[in-house]
Amino acid sequence: MNQFKRGDDCMKYQRCIVLLLFVTLLALGRATSQSQARVQPKGATAPVVSLYTQVVAVHPIGIPKPPDMRGIAPYLSQGLLHRIDLAKACQADFSRQNPKPDLKPAFGWLELGLFSGDDEQASPTAFQVEHTQLEKGGSVRAYVKLTYNEPPPYGPWIWHVAAVVMQENGRYVVDDVIYLRDERRSTEEQLSERLSAGCEGPRWVGFSNQRNDKKPEE
């Protein structure tokens with residue numbers, strides 16, 4: 001009889017352990033969800049809203065001209081601003097290596113809307129930050145719906161990008177932009193990759209000579 005009682009007590013104990021583990025995991029899941037919600041405040045989307053307000057207003061093509069850059073730069077990270085400066089230096093190095101004026105530079109960003117995309121995507125007429133997603137390392141992806149209001153039957157055109165937001169010096173800034181895959185784009189592309197294509201730091205090396213294991217940017 002005592003053996004049956006001990007066995008019954010053991011089963012009850014095991015059920016209690018399982019129940020305790022389940023409650024603990026549930027609490028951890030709720031804590032994680034709450035933590036993710038906390039790192040996606042208005043502060044994380046504020047630079048995205050400010051940046052795309054400028055993009056819709058001035059439609060910068062390629063690297064923004066100084067007047068447009070003054071309105072855009074405050075919302076970008078120091079890392080992204082440095083990559084833009086390297087791209088300009090690489091373009092200057094291309095011109096030194098190829099002095100023929102009729103030779104068009106082979107830079108993928110020349111006719112690109114850096115923060116929106118190619119062709120008509122370079123001139124969005126409206127935007128909306130739809131949602132955010134916490135990434136490993138603490139950065140946040142802000143998914144942005146962009147619209148180009150071409151009259152029917154051809155428009156409007158709608159597409160999406162993701163702005164990578166990070167904290168820098170106590171504030172949120174945009175560190176990169178991801179052009180998301182859609183019916184016109186077969187794979188995701190990143191602004192940082194487009195800026196550095198064909199370059200090693202400030203030097204033009206061409207696409208065939210560019211190493212995949214590039215050294216840190218100079």
# chains A, B, ... in the order shown; residues from 1 in each chain; ligands from 1
call {"tool": "closest_atom_pairs", "arguments": {"of": "stretch 173-216 of chain A", "to": "stretch 151-169 of chain A", "cutoff": "6 Å", "atoms": "only C-alpha atoms", "output": "JSON lines"}}
result
{"residue": "A:Val173", "atom": "CA", "partner": "A:Val165", "partner_atom": "CA", "distance": 5.5}
{"residue": "A:Val174", "atom": "CA", "partner": "A:Val165", "partner_atom": "CA", "distance": 4.5}
{"residue": "A:Asp175", "atom": "CA", "partner": "A:Val164", "partner_atom": "CA", "distance": 5.6}
{"residue": "A:Asp176", "atom": "CA", "partner": "A:Val164", "partner_atom": "CA", "distance": 5.1}
{"residue": "A:Val177", "atom": "CA", "partner": "A:Ala163", "partner_atom": "CA", "distance": 4.5}
{"residue": "A:Ile178", "atom": "CA", "partner": "A:Ala162", "partner_atom": "CA", "distance": 5.0}
{"residue": "A:Tyr179", "atom": "CA", "partner": "A:Val161", "partner_atom": "CA", "distance": 4.9}
{"residue": "A:Leu180", "atom": "CA", "partner": "A:Val161", "partner_atom": "CA", "distance": 5.3}
call {"tool": "write_last_selection", "arguments": {"atoms": "N, CA and C atoms", "output": "compact mmCIF listing (two decimals), in the first residue's frame"}}
result
# COMPACT_ATOMS: atom_id res chain seq x y z
N VAL A 173 19.14 56.20 -35.44
CA VAL A 173 19.51 56.68 -36.77
C VAL A 173 19.38 55.52 -37.76
N VAL A 174 19.28 55.86 -39.04
CA VAL A 174 19.19 54.84 -40.09
C VAL A 174 20.61 54.45 -40.52
N ASP A 175 20.91 53.16 -40.45
CA ASP A 175 22.26 52.66 -40.74
C ASP A 175 22.35 51.97 -42.10
N ASP A 176 21.23 51.57 -42.68
CA ASP A 176 21.23 50.91 -43.98
C ASP A 176 19.80 50.85 -44.48
N VAL A 177 19.64 50.52 -45.75
CA VAL A 177 18.32 50.33 -46.35
C VAL A 177 18.36 49.04 -47.14
N ILE A 178 17.33 48.22 -47.00
CA ILE A 178 17.23 46.96 -47.72
C ILE A 178 16.11 47.08 -48.74
N TYR A 179 16.46 46.87 -50.01
CA TYR A 179 15.46 46.85 -51.08
C TYR A 179 14.89 45.43 -51.11
N LEU A 180 13.66 45.27 -50.72
CA LEU A 180 13.07 43.95 -50.52
C LEU A 180 12.72 43.28 -51.85
call {"tool": "residues_around", "arguments": {"residues": "stretch 115-125 of chain A", "least_positions_apart": "3", "cutoff": "7 Å", "atoms": "only C-alpha atoms", "output": "compact mmCIF listing (two decimals) with N, CA and C atoms, in the first residue's frame"}}
result
# COMPACT_ATOMS: atom_id res chain seq x y z
N VAL A 56 10.57 61.93 -50.12
CA VAL A 56 9.37 62.24 -50.90
C VAL A 56 9.38 63.69 -51.36
N HIS A 59 13.26 63.83 -53.74
CA HIS A 59 13.58 62.75 -54.68
C HIS A 59 15.06 62.73 -55.07
N ILE A 61 18.43 61.56 -56.43
CA ILE A 61 18.89 60.49 -57.30
C ILE A 61 20.40 60.36 -57.14
N GLU A 111 21.99 56.26 -60.72
CA GLU A 111 20.59 56.58 -61.05
C GLU A 111 19.64 55.91 -60.06
N LEU A 112 20.16 55.64 -58.89
CA LEU A 112 19.39 54.96 -57.84
C LEU A 112 18.85 55.95 -56.83
N LEU A 146 6.18 52.23 -49.90
CA LEU A 146 6.38 53.40 -50.74
C LEU A 146 5.40 53.36 -51.91
N THR A 147 4.97 54.52 -52.35
CA THR A 147 3.98 54.61 -53.42
C THR A 147 4.44 55.61 -54.47
N TYR A 148 4.25 55.23 -55.73
CA TYR A 148 4.47 56.15 -56.85
C TYR A 148 3.13 56.32 -57.55
N ASN A 149 2.59 57.52 -57.51
CA ASN A 149 1.23 57.76 -57.99
C ASN A 149 1.18 58.04 -59.48
N VAL A 161 10.49 48.75 -48.70
CA VAL A 161 11.89 48.67 -48.30
C VAL A 161 11.92 48.51 -46.78
N VAL A 177 19.64 50.52 -45.75
CA VAL A 177 18.32 50.33 -46.35
C VAL A 177 18.36 49.04 -47.14
N TYR A 179 16.46 46.87 -50.01
CA TYR A 179 15.46 46.85 -51.08
C TYR A 179 14.89 45.43 -51.11
call {"tool": "atom_distance", "arguments": {"atom1": "atom CA of A:Val48", "atom2": "atom CA of A:Arg181"}}
result
19.9 Å
call {"tool": "closest_residue", "arguments": {"among": "A:Gly108, A:Gly113, A:Gly79, A:Pro101", "to": "A:Val55", "atoms": "only C-alpha atoms"}}
result
A:Gly113
call {"tool": "atom_distance", "arguments": {"atom1": "atom CA of A:Gly62", "atom2": "atom CA of A:Trp109"}}
result
5.3 Å
call {"tool": "select_by_dssp", "arguments": {"residues": "stretch 53-175 of chain A", "states": "strand (DSSP E or B)", "output": "PyMOL selection string"}}
result
chain A and resi 76+112-113+117-118+126-134+140-148+157-168+171-175
call {"tool": "atom_distance", "arguments": {"atom1": "atom CA of A:Lys136", "atom2": "atom CA of A:Ala197"}}
result
25.6 Å
